[in-house]
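Below is run-v2.txt, holding compact mmCIF, C-alpha atoms and all ligand atoms.
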# COMPACT_ATOMS: atom_id res chain seq x y z
CA MET B 16 0.00 0.00 0.00
CA THR B 17 1.31 3.47 -0.87
CA VAL B 18 -0.06 6.65 0.69
CA ASP B 19 0.62 9.99 -0.99
CA PHE B 20 1.55 12.06 2.09
CA LEU B 21 2.49 11.64 5.73
CA ILE B 22 2.02 14.98 7.52
CA ILE B 23 3.96 15.11 10.79
CA GLY B 24 2.45 17.65 13.19
CA GLN B 25 -1.10 18.95 13.37
CA GLY B 26 -0.81 22.55 14.46
CA VAL B 27 -2.27 25.14 12.11
CA ALA B 28 0.41 24.42 9.47
CA GLY B 29 -0.20 20.66 9.39
CA SER B 30 -3.98 21.07 9.57
CA VAL B 31 -4.12 23.48 6.65
CA LEU B 32 -1.67 21.52 4.48
CA ALA B 33 -3.33 18.15 5.18
CA TRP B 34 -6.74 19.60 4.31
CA THR B 35 -5.41 21.25 1.12
CA LEU B 36 -3.81 18.01 -0.12
CA ASP B 37 -6.87 15.97 0.85
CA GLN B 38 -9.09 18.35 -1.11
CA ARG B 39 -6.83 17.90 -4.12
CA GLY B 40 -7.70 14.18 -3.97
CA CYS B 41 -4.46 12.93 -2.36
CA SER B 42 -4.34 10.25 0.32
CA VAL B 43 -3.00 11.85 3.51
CA VAL B 44 -2.11 10.42 6.91
CA VAL B 45 -1.76 12.98 9.71
CA ALA B 46 0.41 12.21 12.76
CA ASP B 47 0.52 14.37 15.88
CA ASP B 48 1.86 13.82 19.35
CA PRO B 49 -0.46 15.50 21.88
CA VAL B 50 2.26 15.22 24.53
CA LEU B 51 4.48 17.67 22.67
CA PRO B 52 3.75 21.37 23.12
CA SER B 53 2.07 23.25 20.28
CA ALA B 54 2.20 26.96 19.50
CA SER B 55 -1.18 26.72 17.78
CA ALA B 56 -2.75 25.49 21.02
CA VAL B 57 -1.69 28.75 22.71
CA ALA B 58 -2.05 31.32 19.89
CA ALA B 59 -4.86 33.85 19.68
CA GLY B 60 -5.42 33.04 16.02
CA ILE B 61 -5.66 36.67 14.93
CA VAL B 62 -5.17 37.59 11.27
CA ASN B 63 -4.07 41.18 10.86
CA PRO B 64 -2.84 42.74 7.61
CA LEU B 65 -1.41 45.90 9.25
CA THR B 66 0.84 45.41 12.25
CA GLY B 67 2.88 47.45 14.72
CA ARG B 68 2.88 51.16 15.45
CA LYS B 69 3.78 51.90 11.84
CA LEU B 70 0.87 49.88 10.41
CA VAL B 71 3.30 47.77 8.40
CA ARG B 72 1.59 45.72 5.73
CA THR B 73 2.08 41.97 6.25
CA TRP B 74 4.35 40.30 3.70
CA LYS B 75 2.24 39.40 0.62
CA ALA B 76 -0.91 40.73 2.29
CA ASP B 77 -2.68 41.31 -1.02
CA ASP B 78 -2.39 37.58 -1.78
CA LEU B 79 -2.71 36.16 1.72
CA PHE B 80 -5.78 37.93 3.03
CA PRO B 81 -8.34 37.38 0.26
CA PHE B 82 -7.10 33.78 0.09
CA LEU B 83 -7.35 33.01 3.79
CA HIS B 84 -10.88 34.40 4.09
CA LYS B 85 -12.04 32.13 1.25
CA PHE B 86 -10.08 29.20 2.61
CA TYR B 87 -11.40 29.18 6.18
CA THR B 88 -15.00 30.08 5.30
CA GLY B 89 -14.92 27.47 2.50
CA THR B 90 -13.76 24.81 4.97
CA GLU B 91 -16.50 25.88 7.39
CA GLN B 92 -19.17 25.56 4.70
CA GLN B 93 -17.92 22.19 3.62
CA LEU B 94 -17.86 20.78 7.15
CA GLY B 95 -20.93 22.63 8.45
CA VAL B 96 -19.11 24.19 11.43
CA GLN B 97 -17.89 27.62 12.49
CA PHE B 98 -14.39 28.48 13.66
CA PHE B 99 -13.44 31.60 11.67
CA HIS B 100 -14.59 35.01 12.88
CA PRO B 101 -13.98 37.98 10.55
CA LYS B 102 -13.74 41.12 12.73
CA SER B 103 -12.13 44.52 12.43
CA ILE B 104 -9.22 45.50 14.64
CA TYR B 105 -9.77 48.85 16.32
CA ARG B 106 -6.60 50.92 16.81
CA PRO B 107 -7.33 53.74 19.29
CA TYR B 108 -5.03 56.75 18.86
CA ARG B 109 -2.88 57.49 21.90
CA SER B 110 -2.75 61.23 21.14
CA VAL B 111 -3.56 63.86 18.54
CA ALA B 112 0.01 63.51 17.29
CA GLU B 113 -0.46 59.77 16.80
CA GLN B 114 -3.73 60.39 15.00
CA LYS B 115 -1.87 62.64 12.54
CA ASP B 116 0.85 60.02 12.05
CA TYR B 117 -1.73 57.33 11.34
CA LEU B 118 -3.61 59.52 8.89
CA ALA B 119 -0.35 60.08 7.01
CA LEU B 120 0.39 56.34 6.99
CA ILE B 121 -3.04 55.38 5.67
CA ALA B 122 -2.79 57.86 2.81
CA ASP B 123 -0.59 55.18 1.18
CA PRO B 124 -2.73 53.52 -1.54
CA ALA B 125 -1.22 50.13 -0.62
CA VAL B 126 -2.56 50.46 2.92
CA GLN B 127 -5.97 51.97 2.14
CA PRO B 128 -7.77 48.69 1.26
CA TYR B 129 -7.14 47.53 4.83
CA VAL B 130 -8.46 50.58 6.69
CA ASN B 131 -11.83 51.97 7.66
CA GLN B 132 -11.55 55.52 8.97
CA LEU B 133 -15.28 55.99 9.40
CA THR B 134 -15.50 54.37 12.79
CA THR B 135 -18.09 55.22 15.39
CA LYS B 136 -16.04 56.27 18.39
CA GLU B 137 -19.01 55.67 20.71
CA THR B 138 -19.01 51.94 19.89
CA TYR B 139 -15.79 51.69 21.85
CA ASP B 140 -16.22 54.29 24.59
CA CYS B 141 -18.09 51.80 26.81
CA CYS B 142 -15.07 49.74 27.77
CA ILE B 143 -11.78 51.35 26.70
CA ASN B 144 -9.91 54.62 27.04
CA ASN B 145 -10.70 56.26 23.76
CA PRO B 146 -10.39 60.07 23.98
CA PHE B 147 -8.95 60.55 20.46
CA GLY B 148 -10.97 57.98 18.50
CA GLY B 149 -9.22 55.52 16.23
CA LEU B 150 -9.29 53.61 12.99
CA GLU B 151 -10.34 50.10 12.09
CA VAL B 152 -8.13 47.63 10.27
CA THR B 153 -10.28 45.52 7.94
CA GLN B 154 -9.90 42.06 6.32
CA SER B 155 -8.86 40.93 9.80
CA GLY B 156 -10.38 38.50 12.31
CA TRP B 157 -9.50 35.42 14.27
CA LEU B 158 -9.49 31.68 13.88
CA ASP B 159 -10.62 29.64 16.88
CA LEU B 160 -7.59 27.39 16.65
CA THR B 161 -8.68 24.90 19.32
CA GLU B 162 -11.94 24.32 17.50
CA TYR B 163 -10.33 24.32 14.05
CA MET B 164 -7.71 21.73 15.00
CA ARG B 165 -10.33 19.60 16.76
CA ILE B 166 -12.51 19.60 13.64
CA ILE B 167 -9.63 18.77 11.27
CA LYS B 168 -8.44 16.00 13.60
CA GLY B 169 -11.97 14.54 13.68
CA TYR B 170 -12.14 14.66 9.87
CA PHE B 171 -8.98 12.57 9.47
CA ILE B 172 -9.92 10.23 12.33
CA ARG B 173 -13.22 9.49 10.60
CA LYS B 174 -11.28 8.64 7.42
CA ASN B 175 -9.04 6.37 9.49
CA GLN B 176 -6.05 8.51 8.48
CA TYR B 177 -4.89 9.83 11.84
CA TYR B 178 -2.06 8.62 14.07
CA GLU B 179 -1.81 9.92 17.61
CA GLY B 180 1.81 9.70 18.73
CA ARG B 181 5.32 10.81 17.96
CA VAL B 182 7.06 10.07 14.68
CA LEU B 183 10.79 9.70 15.26
CA ASP B 184 12.98 10.73 12.32
CA ALA B 185 15.12 7.63 13.05
CA ASP B 186 12.08 5.43 12.26
CA LEU B 187 11.66 6.85 8.76
CA ILE B 188 13.30 4.70 6.12
CA ILE B 189 14.08 7.25 3.45
CA GLY B 190 14.50 5.92 -0.07
CA ASP B 191 15.03 7.73 -3.38
CA LYS B 192 11.38 7.93 -4.28
CA LYS B 193 9.47 6.89 -1.15
CA VAL B 194 9.66 6.85 2.63
CA ALA B 195 8.65 3.81 4.67
CA TRP B 196 7.21 4.23 8.17
CA GLN B 197 5.44 1.59 10.23
CA GLY B 198 5.34 -0.72 7.21
CA ILE B 199 3.56 1.85 5.02
CA GLN B 200 5.12 3.44 1.95
CA PHE B 201 4.65 7.20 1.54
CA ASN B 202 5.39 9.16 -1.60
CA LYS B 203 6.29 12.16 0.53
CA VAL B 204 6.68 12.94 4.22
CA ILE B 205 6.16 16.59 5.18
CA PHE B 206 7.25 17.90 8.56
CA CYS B 207 4.87 20.47 10.04
CA ASP B 208 6.51 20.20 13.43
CA GLY B 209 6.63 23.88 14.40
CA VAL B 210 9.57 24.94 16.53
CA GLN B 211 10.43 21.26 17.13
CA GLY B 212 11.87 21.42 13.61
CA GLN B 213 15.01 22.70 15.29
CA GLU B 214 15.65 19.24 16.74
CA ASN B 215 14.63 17.41 13.59
CA ALA B 216 17.82 15.77 12.22
CA LEU B 217 16.72 16.43 8.64
CA PHE B 218 15.95 20.13 8.95
CA ASN B 219 17.99 21.37 11.90
CA TYR B 220 20.29 23.22 9.47
CA LEU B 221 17.53 25.77 8.86
CA PRO B 222 18.03 29.13 10.63
CA TYR B 223 15.24 29.32 13.17
CA ASN B 224 14.90 32.28 15.54
CA PRO B 225 12.22 31.19 18.02
CA VAL B 226 10.19 33.76 19.91
CA LYS B 227 8.45 33.01 23.19
CA GLY B 228 5.00 34.48 23.72
CA GLN B 229 2.57 34.65 26.61
CA ILE B 230 -1.14 35.35 26.64
CA LEU B 231 -3.87 35.80 29.27
CA THR B 232 -7.48 34.71 29.29
CA ALA B 233 -9.75 36.87 31.43
CA VAL B 234 -13.38 37.30 32.40
CA ALA B 235 -14.67 40.86 31.95
CA GLU B 236 -18.44 40.63 32.43
CA ASN B 237 -19.16 44.18 31.26
CA TYR B 238 -16.97 44.10 28.17
CA SER B 239 -19.28 44.50 25.17
CA ILE B 240 -16.95 45.48 22.28
CA LYS B 241 -17.35 42.98 19.45
CA ASN B 242 -14.23 43.85 17.45
CA ILE B 243 -10.62 43.22 18.40
CA VAL B 244 -8.88 46.18 20.07
CA ASN B 245 -5.14 46.72 19.71
CA GLN B 246 -2.97 49.30 21.38
CA GLY B 247 0.34 47.75 22.37
CA VAL B 248 -1.58 44.63 23.40
CA PHE B 249 -4.67 43.14 21.83
CA ILE B 250 -8.00 42.47 23.51
CA LEU B 251 -9.79 39.68 21.70
CA PRO B 252 -13.43 39.01 22.68
CA ILE B 253 -13.99 35.25 22.54
CA ARG B 254 -17.59 35.03 23.74
CA ASP B 255 -19.79 36.72 26.35
CA GLY B 256 -17.48 38.22 28.93
CA LEU B 257 -14.45 36.14 27.99
CA ILE B 258 -11.45 37.94 26.50
CA ARG B 259 -7.85 37.11 25.57
CA ILE B 260 -5.08 39.60 26.17
CA GLY B 261 -1.71 39.29 24.43
CA ALA B 262 0.95 38.91 23.64
CA THR B 263 4.53 39.13 24.86
CA TYR B 264 7.63 38.66 22.70
CA SER B 265 10.86 37.29 24.12
CA TRP B 266 13.95 35.92 22.38
CA HIS B 267 15.43 34.38 25.52
CA ASP B 268 14.13 31.98 28.23
CA LEU B 269 12.88 29.82 25.41
CA ASP B 270 10.79 27.39 27.43
CA TRP B 271 7.04 26.85 27.49
CA GLN B 272 6.58 28.09 31.07
CA THR B 273 4.49 31.11 32.03
CA THR B 274 6.18 33.81 34.12
CA ASP B 275 5.08 36.46 36.61
CA ASP B 276 6.93 39.04 34.48
CA GLY B 277 4.93 38.06 31.42
CA ARG B 278 1.64 38.47 33.26
CA ALA B 279 2.74 41.76 34.86
CA PHE B 280 3.73 43.17 31.45
CA LEU B 281 0.38 42.30 29.88
CA GLU B 282 -1.62 43.56 32.84
CA LEU B 283 0.27 46.86 32.90
CA LYS B 284 -0.49 47.41 29.23
CA VAL B 285 -4.11 46.35 29.35
CA LYS B 286 -4.86 48.47 32.41
CA SER B 287 -3.95 51.57 30.40
CA ILE B 288 -6.70 50.78 27.87
CA LEU B 289 -9.41 48.74 29.57
CA THR B 290 -11.93 50.67 31.69
CA VAL B 291 -14.07 47.76 32.90
CA PRO B 292 -13.09 45.28 35.64
CA TYR B 293 -11.53 41.98 34.59
CA ARG B 294 -10.19 38.90 36.30
CA VAL B 295 -7.43 36.72 34.81
CA VAL B 296 -8.48 33.07 34.67
CA ALA B 297 -5.61 31.57 32.67
CA GLN B 298 -2.10 32.29 31.42
CA GLN B 299 -0.34 30.35 28.67
CA ALA B 300 3.07 30.41 27.03
CA GLY B 301 4.29 29.11 23.70
CA ILE B 302 7.20 29.29 21.29
CA ARG B 303 6.63 30.79 17.87
CA PRO B 304 8.57 29.03 15.08
CA SER B 305 10.11 32.24 13.74
CA THR B 306 13.04 32.34 11.33
CA LYS B 307 16.12 34.53 11.02
CA ASP B 308 14.98 36.17 7.76
CA ARG B 309 11.33 36.24 8.90
CA ARG B 310 10.20 34.11 5.98
CA PRO B 311 8.58 30.67 6.26
CA PHE B 312 10.29 27.36 5.51
CA VAL B 313 8.57 25.57 2.63
CA GLY B 314 10.03 22.97 0.28
CA LEU B 315 11.77 19.65 -0.15
CA HIS B 316 14.98 18.51 1.52
CA PRO B 317 18.11 19.26 -0.54
CA ALA B 318 19.31 15.62 -0.44
CA HIS B 319 16.04 13.68 0.03
CA SER B 320 13.32 14.81 -2.32
CA SER B 321 10.75 12.53 -0.66
CA VAL B 322 10.92 14.61 2.54
CA GLY B 323 9.70 18.18 2.93
CA ILE B 324 8.93 20.88 5.42
CA PHE B 325 6.06 23.32 5.88
CA GLY B 326 6.90 25.53 8.83
CA GLY B 327 8.74 28.57 10.09
CA MET B 328 5.41 30.42 10.27
CA GLY B 329 6.58 32.69 13.09
CA THR B 330 3.99 35.08 14.46
CA LYS B 331 1.53 34.61 11.59
CA GLY B 332 0.76 30.94 11.03
CA VAL B 333 -2.98 31.52 10.61
CA SER B 334 -2.47 34.10 7.85
CA LEU B 335 0.39 32.37 6.04
CA ALA B 336 -0.63 28.73 6.04
CA PRO B 337 -3.59 28.73 3.60
CA TYR B 338 -1.89 30.59 0.73
CA LEU B 339 1.44 28.82 1.17
CA ALA B 340 -0.23 25.39 1.42
CA GLU B 341 -1.91 26.09 -1.92
CA GLN B 342 1.47 27.11 -3.41
CA PHE B 343 3.12 24.00 -1.96
CA ALA B 344 0.37 21.72 -3.29
CA ARG B 345 0.77 23.22 -6.77
CA TYR B 346 4.51 22.69 -6.55
CA LEU B 347 4.17 19.08 -5.36
CA LEU B 348 1.31 18.05 -7.61
CA ASP B 349 1.50 20.30 -10.68
CA GLY B 350 5.23 21.09 -10.83
CA GLU B 351 4.68 24.84 -10.43
CA GLU B 352 7.35 27.11 -8.97
CA LEU B 353 7.41 27.73 -5.23
CA GLU B 354 7.32 31.21 -3.75
CA LEU B 355 11.06 32.06 -3.82
CA GLU B 356 11.17 33.93 -0.52
CA ALA B 357 9.53 31.01 1.29
CA ASN B 358 11.42 28.22 -0.47
CA ILE B 359 14.05 26.53 1.74
CA SER B 360 16.32 26.41 -1.31
CA ARG B 361 17.42 29.87 -0.12
CA CYS B 362 19.19 28.14 2.81
CA VAL B 363 20.92 25.41 0.82
CA SER B 364 24.39 26.84 1.52
CA LEU B 365 23.82 25.99 5.21
CA TYR B 366 23.30 22.29 4.49
CA ASN B 367 26.26 19.90 4.88
CA TYR B 368 25.91 17.21 2.22
C1 LIG B 401 1.29 33.70 22.72
C2 LIG B 401 1.21 33.47 21.25
C3 LIG B 401 0.26 34.16 20.52
C4 LIG B 401 0.19 33.96 19.14
N1 LIG B 401 -0.80 34.61 18.46
C5 LIG B 401 -0.94 34.39 17.13
C6 LIG B 401 -1.99 35.00 16.41
O1 LIG B 401 -2.80 35.74 16.97
N2 LIG B 401 -2.08 34.74 15.07
C7 LIG B 401 -1.20 33.91 14.42
O2 LIG B 401 -1.32 33.71 13.21
N3 LIG B 401 -0.19 33.33 15.09
C8 LIG B 401 -0.04 33.54 16.42
N4 LIG B 401 0.98 32.95 17.10
C9 LIG B 401 1.97 32.17 16.31
C10 LIG B 401 1.41 30.78 16.00
O3 LIG B 401 1.30 30.10 17.20
C11 LIG B 401 2.31 30.05 15.02
O4 LIG B 401 2.51 30.80 13.84
C12 LIG B 401 1.67 28.72 14.60
O5 LIG B 401 0.96 28.16 15.65
C13 LIG B 401 2.70 27.73 14.12
O6 LIG B 401 2.02 26.56 13.78
P1 LIG B 401 2.74 25.20 13.45
O7 LIG B 401 1.68 24.26 13.02
O8 LIG B 401 3.87 25.46 12.51
O9 LIG B 401 3.42 24.73 14.81
P2 LIG B 401 2.74 24.15 16.13
O10 LIG B 401 1.43 24.76 16.36
O11 LIG B 401 3.74 24.23 17.22
O12 LIG B 401 2.45 22.63 15.77
C14 LIG B 401 3.45 21.67 15.67
C15 LIG B 401 2.80 20.32 15.96
O13 LIG B 401 3.70 19.30 15.59
C16 LIG B 401 3.62 18.27 16.53
N5 LIG B 401 4.87 17.52 16.43
C17 LIG B 401 6.14 18.02 16.43
N6 LIG B 401 7.03 17.04 16.25
C18 LIG B 401 6.32 15.89 16.12
C19 LIG B 401 6.68 14.52 15.90
N7 LIG B 401 7.95 14.16 15.75
N8 LIG B 401 5.69 13.61 15.83
C20 LIG B 401 4.40 13.96 15.96
N9 LIG B 401 4.00 15.24 16.17
C21 LIG B 401 4.94 16.18 16.23
C22 LIG B 401 3.41 18.99 17.86
O14 LIG B 401 2.79 18.12 18.78
C23 LIG B 401 2.48 20.12 17.44
O15 LIG B 401 1.13 19.75 17.55
C24 LIG B 401 1.08 33.09 18.47
C25 LIG B 401 2.01 32.39 19.23
C26 LIG B 401 2.08 32.57 20.60
C27 LIG B 401 3.09 31.79 21.39
In structure tokens, how does this file's structure come out?
Amino acid sequence: MTVDFLIIGQGVAGSVLAWTLDQRGCSVVVADDPVLPSASAVAAGIVNPLTGRKLVRTWKADDLFPFLHKFYTGTEQQLGVQFFHPKSIYRPYRSVAEQKDYLALIADPAVQPYVNQLTTKETYDCCINNPFGGLEVTQSGWLDLTEYMRIIKGYFIRKNQYYEGRVLDADLIIGDKKVAWQGIQFNKVIFCDGVQGQENALFNYLPYNPVKGQILTAVAENYSIKNIVNQGVFILPIRDGLIRIGATYSWHDLDWQTTDDGRAFLELKVKSILTVPYRVVAQQAGIRPSTKDRRPFVGLHPAHSSVGIFGGMGTKGVSLAPYLAEQFARYLLDGEELELEANISRCVSLYNY
């Protein structure tokens, strides 16, 4: 028996790629070890085309954002479930000077499609400090990652194409054209192992630059804003009275443990915006699989063309995965070119043959 693909890891990257290949008619087995930590299990799932104080447009935003909206809503329709929530991101101005700066930034025609200036200030006055008004970033929203990964897992379990447990690279018998694992032949094995890719003997030559992040979940009974708010930290309304507050960024202490400092940082920031009482009910930490050049890792191994990687999604896995999975599928199945900036061929000089 030969299976087309073994996907190792079912975070957002593995989920999206497995679904994309399955929908192209390929046979796909998904393997995931629930004992290993997962960044997707911690992430807020926000998709945001304009980030930071300078409203920097996300890399390839014009391709990624229309694609991801179609991708997630299409999957929802097909499976009859809901996990994707399109919502604007409100950016309150900190001062009149910042308002002026933002208005200058959004005069850029490349940024305009992602901005709504005609916001109703009063919509937000109920629960946040909002003396100067703000603007709304559009084409944004959030993916309920826990629900999404649960649904995709269930889909492959029902097809009898899911393995719960760890795949050790030492157990893969890599041939010229196929890889054998547990007595099954696979045409290709694709690692979607997140930051664990750093310890993967086949891909540990790739230049990762992991970033730790922490996030709070809180109950704020009187919080009634429906959109996401972002001013230094984001406030993401999940459902009645439940919000998530995030996130921190740290390039050291790269473990999956929460810290008092992380919580104190987030609380300090959120207290300067939020005007209703809240109570923290959970704190989580994760490691983002970021890369040195801030571009994802997609492609086939330089010496073993039956093994590939789909990772390095950094801070933006939810936005990047759908478009890049489509590109990867076209490369694998139709022989089309891969996005050069994402292709791991850019790192080939780091590989010791
Ligand atoms: C606090 C925080 C907030 C974030 N917020 C956002 C956000 O709002 N929006 C956004 O887009 N991104 C966000 N991110 C980033 C996001 O988490 C990542 O971009 C994304 O989750 C990476 O997904 P992944 O599938 O590559 O890796 P992971 O989610 O880490 O998944 C890897 C999976 O592989 C499995 N695995 C690894 N090795 C093996 C093996 N050998 N055998 C079997 N299974 C294996 C693991 O168990 C895991 O399930 C955030 C991250 C953090 C930490």
Expected answer as a tab-separated table (two decimals) with C-alpha atoms, in the frame of the given file: residues within 6 Å of ligand LIG 401 (chain B), only C-alpha atoms and all ligand atoms:
chain	number	residue	atom	x	y	z
B	23	ILE	CA	3.96	15.11	10.79
B	24	GLY	CA	2.45	17.65	13.19
B	25	GLN	CA	-1.10	18.95	13.37
B	26	GLY	CA	-0.81	22.55	14.46
B	27	VAL	CA	-2.27	25.14	12.11
B	28	ALA	CA	0.41	24.42	9.47
B	29	GLY	CA	-0.20	20.66	9.39
B	46	ALA	CA	0.41	12.21	12.76
B	47	ASP	CA	0.52	14.37	15.88
B	48	ASP	CA	1.86	13.82	19.35
B	49	PRO	CA	-0.46	15.50	21.88
B	51	LEU	CA	4.48	17.67	22.67
B	52	PRO	CA	3.75	21.37	23.12
B	53	SER	CA	2.07	23.25	20.28
B	54	ALA	CA	2.20	26.96	19.50
B	55	SER	CA	-1.18	26.72	17.78
B	57	VAL	CA	-1.69	28.75	22.71
B	58	ALA	CA	-2.05	31.32	19.89
B	59	ALA	CA	-4.86	33.85	19.68
B	60	GLY	CA	-5.42	33.04	16.02
B	61	ILE	CA	-5.66	36.67	14.93
B	62	VAL	CA	-5.17	37.59	11.27
B	180	GLY	CA	1.81	9.70	18.73
B	181	ARG	CA	5.32	10.81	17.96
B	182	VAL	CA	7.06	10.07	14.68
B	183	LEU	CA	10.79	9.70	15.26
B	207	CYS	CA	4.87	20.47	10.04
B	208	ASP	CA	6.51	20.20	13.43
B	209	GLY	CA	6.63	23.88	14.40
B	210	VAL	CA	9.57	24.94	16.53
B	211	GLN	CA	10.43	21.26	17.13
B	227	LYS	CA	8.45	33.01	23.19
B	228	GLY	CA	5.00	34.48	23.72
B	229	GLN	CA	2.57	34.65	26.61
B	230	ILE	CA	-1.14	35.35	26.64
B	262	ALA	CA	0.95	38.91	23.64
B	300	ALA	CA	3.07	30.41	27.03
B	301	GLY	CA	4.29	29.11	23.70
B	302	ILE	CA	7.20	29.29	21.29
B	303	ARG	CA	6.63	30.79	17.87
B	326	GLY	CA	6.90	25.53	8.83
B	328	MET	CA	5.41	30.42	10.27
B	329	GLY	CA	6.58	32.69	13.09
B	330	THR	CA	3.99	35.08	14.46
B	331	LYS	CA	1.53	34.61	11.59
B	332	GLY	CA	0.76	30.94	11.03
B	333	VAL	CA	-2.98	31.52	10.61
B	334	SER	CA	-2.47	34.10	7.85
Exercise for the section: For each of B:Asn224, B:Thr290, B:Ser239, B:Gln127, take the minimum atom-to-atom distance to Ser265 (chain B), counting all atoms listed in the file, then give the residue where this is smallest. Expected result: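 The closest residue to Ser265 (chain B) is B:Asn224.
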CA of Pro252 (chain B) to CA of Phe280 (chain B): how many Å, to one decimal?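 The value is 19.7 Å.
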Between CA of Leu32 (chain B) and CA of Phe201 (chain B) lies a distance of 15.9 Å
>> Taking only C-alpha atoms into account, name the residue in B:Gln272, B:Asn245, B:Asn202, B:Gln97 that is nearest to Val322 (chain B).
In response: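 Selected residue with least distance to Val322 (chain B): B:Asn202.
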Rounded to one decimal, what separation in Å do you get between CA of Gln132 (chain B) and CA of Gly156 (chain B)?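 Atom-to-atom, CA of Gln132 (chain B) and CA of Gly156 (chain B) are spaced 17.4 Å apart.
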For each of B:His84, B:Lys75, B:Arg68, B:Lys136, take the minimum atom-to-atom distance to Leu158 (chain B), counting all atoms listed in the file, then give the residue where this is smallest.
->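 Closest to Leu158 (chain B), using all atoms listed in the file: B:His84.
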Requested in this report: Would you list the contacts of Tyr177 (chain B) as a PyMOL selection string, taking every protein, DNA or RNA residue within 7 Å and counting all atoms listed in the file, but skipping same-chain residues closer than 5 positions in sequence?
Outcome: chain B and resi 44-46+171-172
For each of B:Cys142, B:Ile253, B:Ala216, B:Thr306, take the minimum atom-to-atom distance to Tyr293 (chain B), counting only C-alpha atoms, then give the residue where this is smallest.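 Going through B:Cys142, B:Ile253, B:Ala216, B:Thr306 one by one, the smallest distance to Tyr293 (chain B) is for B:Cys142.
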Subject >> Of the listed residues B:Glu151, B:Glu352, B:Glu113, B:Asp276, that which approaches Tyr139 (chain B) most closely, counting only C-alpha atoms >> reply: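 For Tyr139 (chain B), the nearest of the given residues is B:Glu151.
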query = Counting all atoms listed in the file, what is within 8 Å of Arg106 (chain B), bar same-chain residues fewer than 3 positions away, as a list in words?
reply =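 Contacts, with the query itself left out: Gly149, Leu150, Glu151, Val152, Val244, Asn245 and Gln246 of chain B.
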In terms of all atoms listed in the file, the residue from B:Asp270, B:Ser320, B:Phe206, B:Tyr346 at minimal distance from Lys192 (chain B) is B:Ser320
For this session: Find the residues around Leu353 (chain B) up to 9 Å (all atoms listed in the file counted), leave out those fewer than 2 positions away in its own chain, and share them as a list of chain:residue names.
Result: B:Val313, B:Gly314, B:Leu339, B:Gln342, B:Phe343, B:Arg345, B:Tyr346, B:Gly350, B:Glu351, B:Leu355, B:Glu356, B:Ala357, B:Asn358
Next, write the just-selected residues to a file, as a short mmCIF file (atom, residue, chain, number, x, y, z; two decimals), keeping the file's coordinate frame, keeping C-alpha atoms as the atom set.
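As a result, again_24.cif now contains:
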data_model
loop_
_atom_site.label_atom_id
_atom_site.label_comp_id
_atom_site.auth_asym_id
_atom_site.auth_seq_id
_atom_site.Cartn_x
_atom_site.Cartn_y
_atom_site.Cartn_z
CA VAL B 313 8.57 25.57 2.63
CA GLY B 314 10.03 22.97 0.28
CA LEU B 339 1.44 28.82 1.17
CA GLN B 342 1.47 27.11 -3.41
CA PHE B 343 3.12 24.00 -1.96
CA ARG B 345 0.77 23.22 -6.77
CA TYR B 346 4.51 22.69 -6.55
CA GLY B 350 5.23 21.09 -10.83
CA GLU B 351 4.68 24.84 -10.43
CA LEU B 355 11.06 32.06 -3.82
CA GLU B 356 11.17 33.93 -0.52
CA ALA B 357 9.53 31.01 1.29
CA ASN B 358 11.42 28.22 -0.47
#
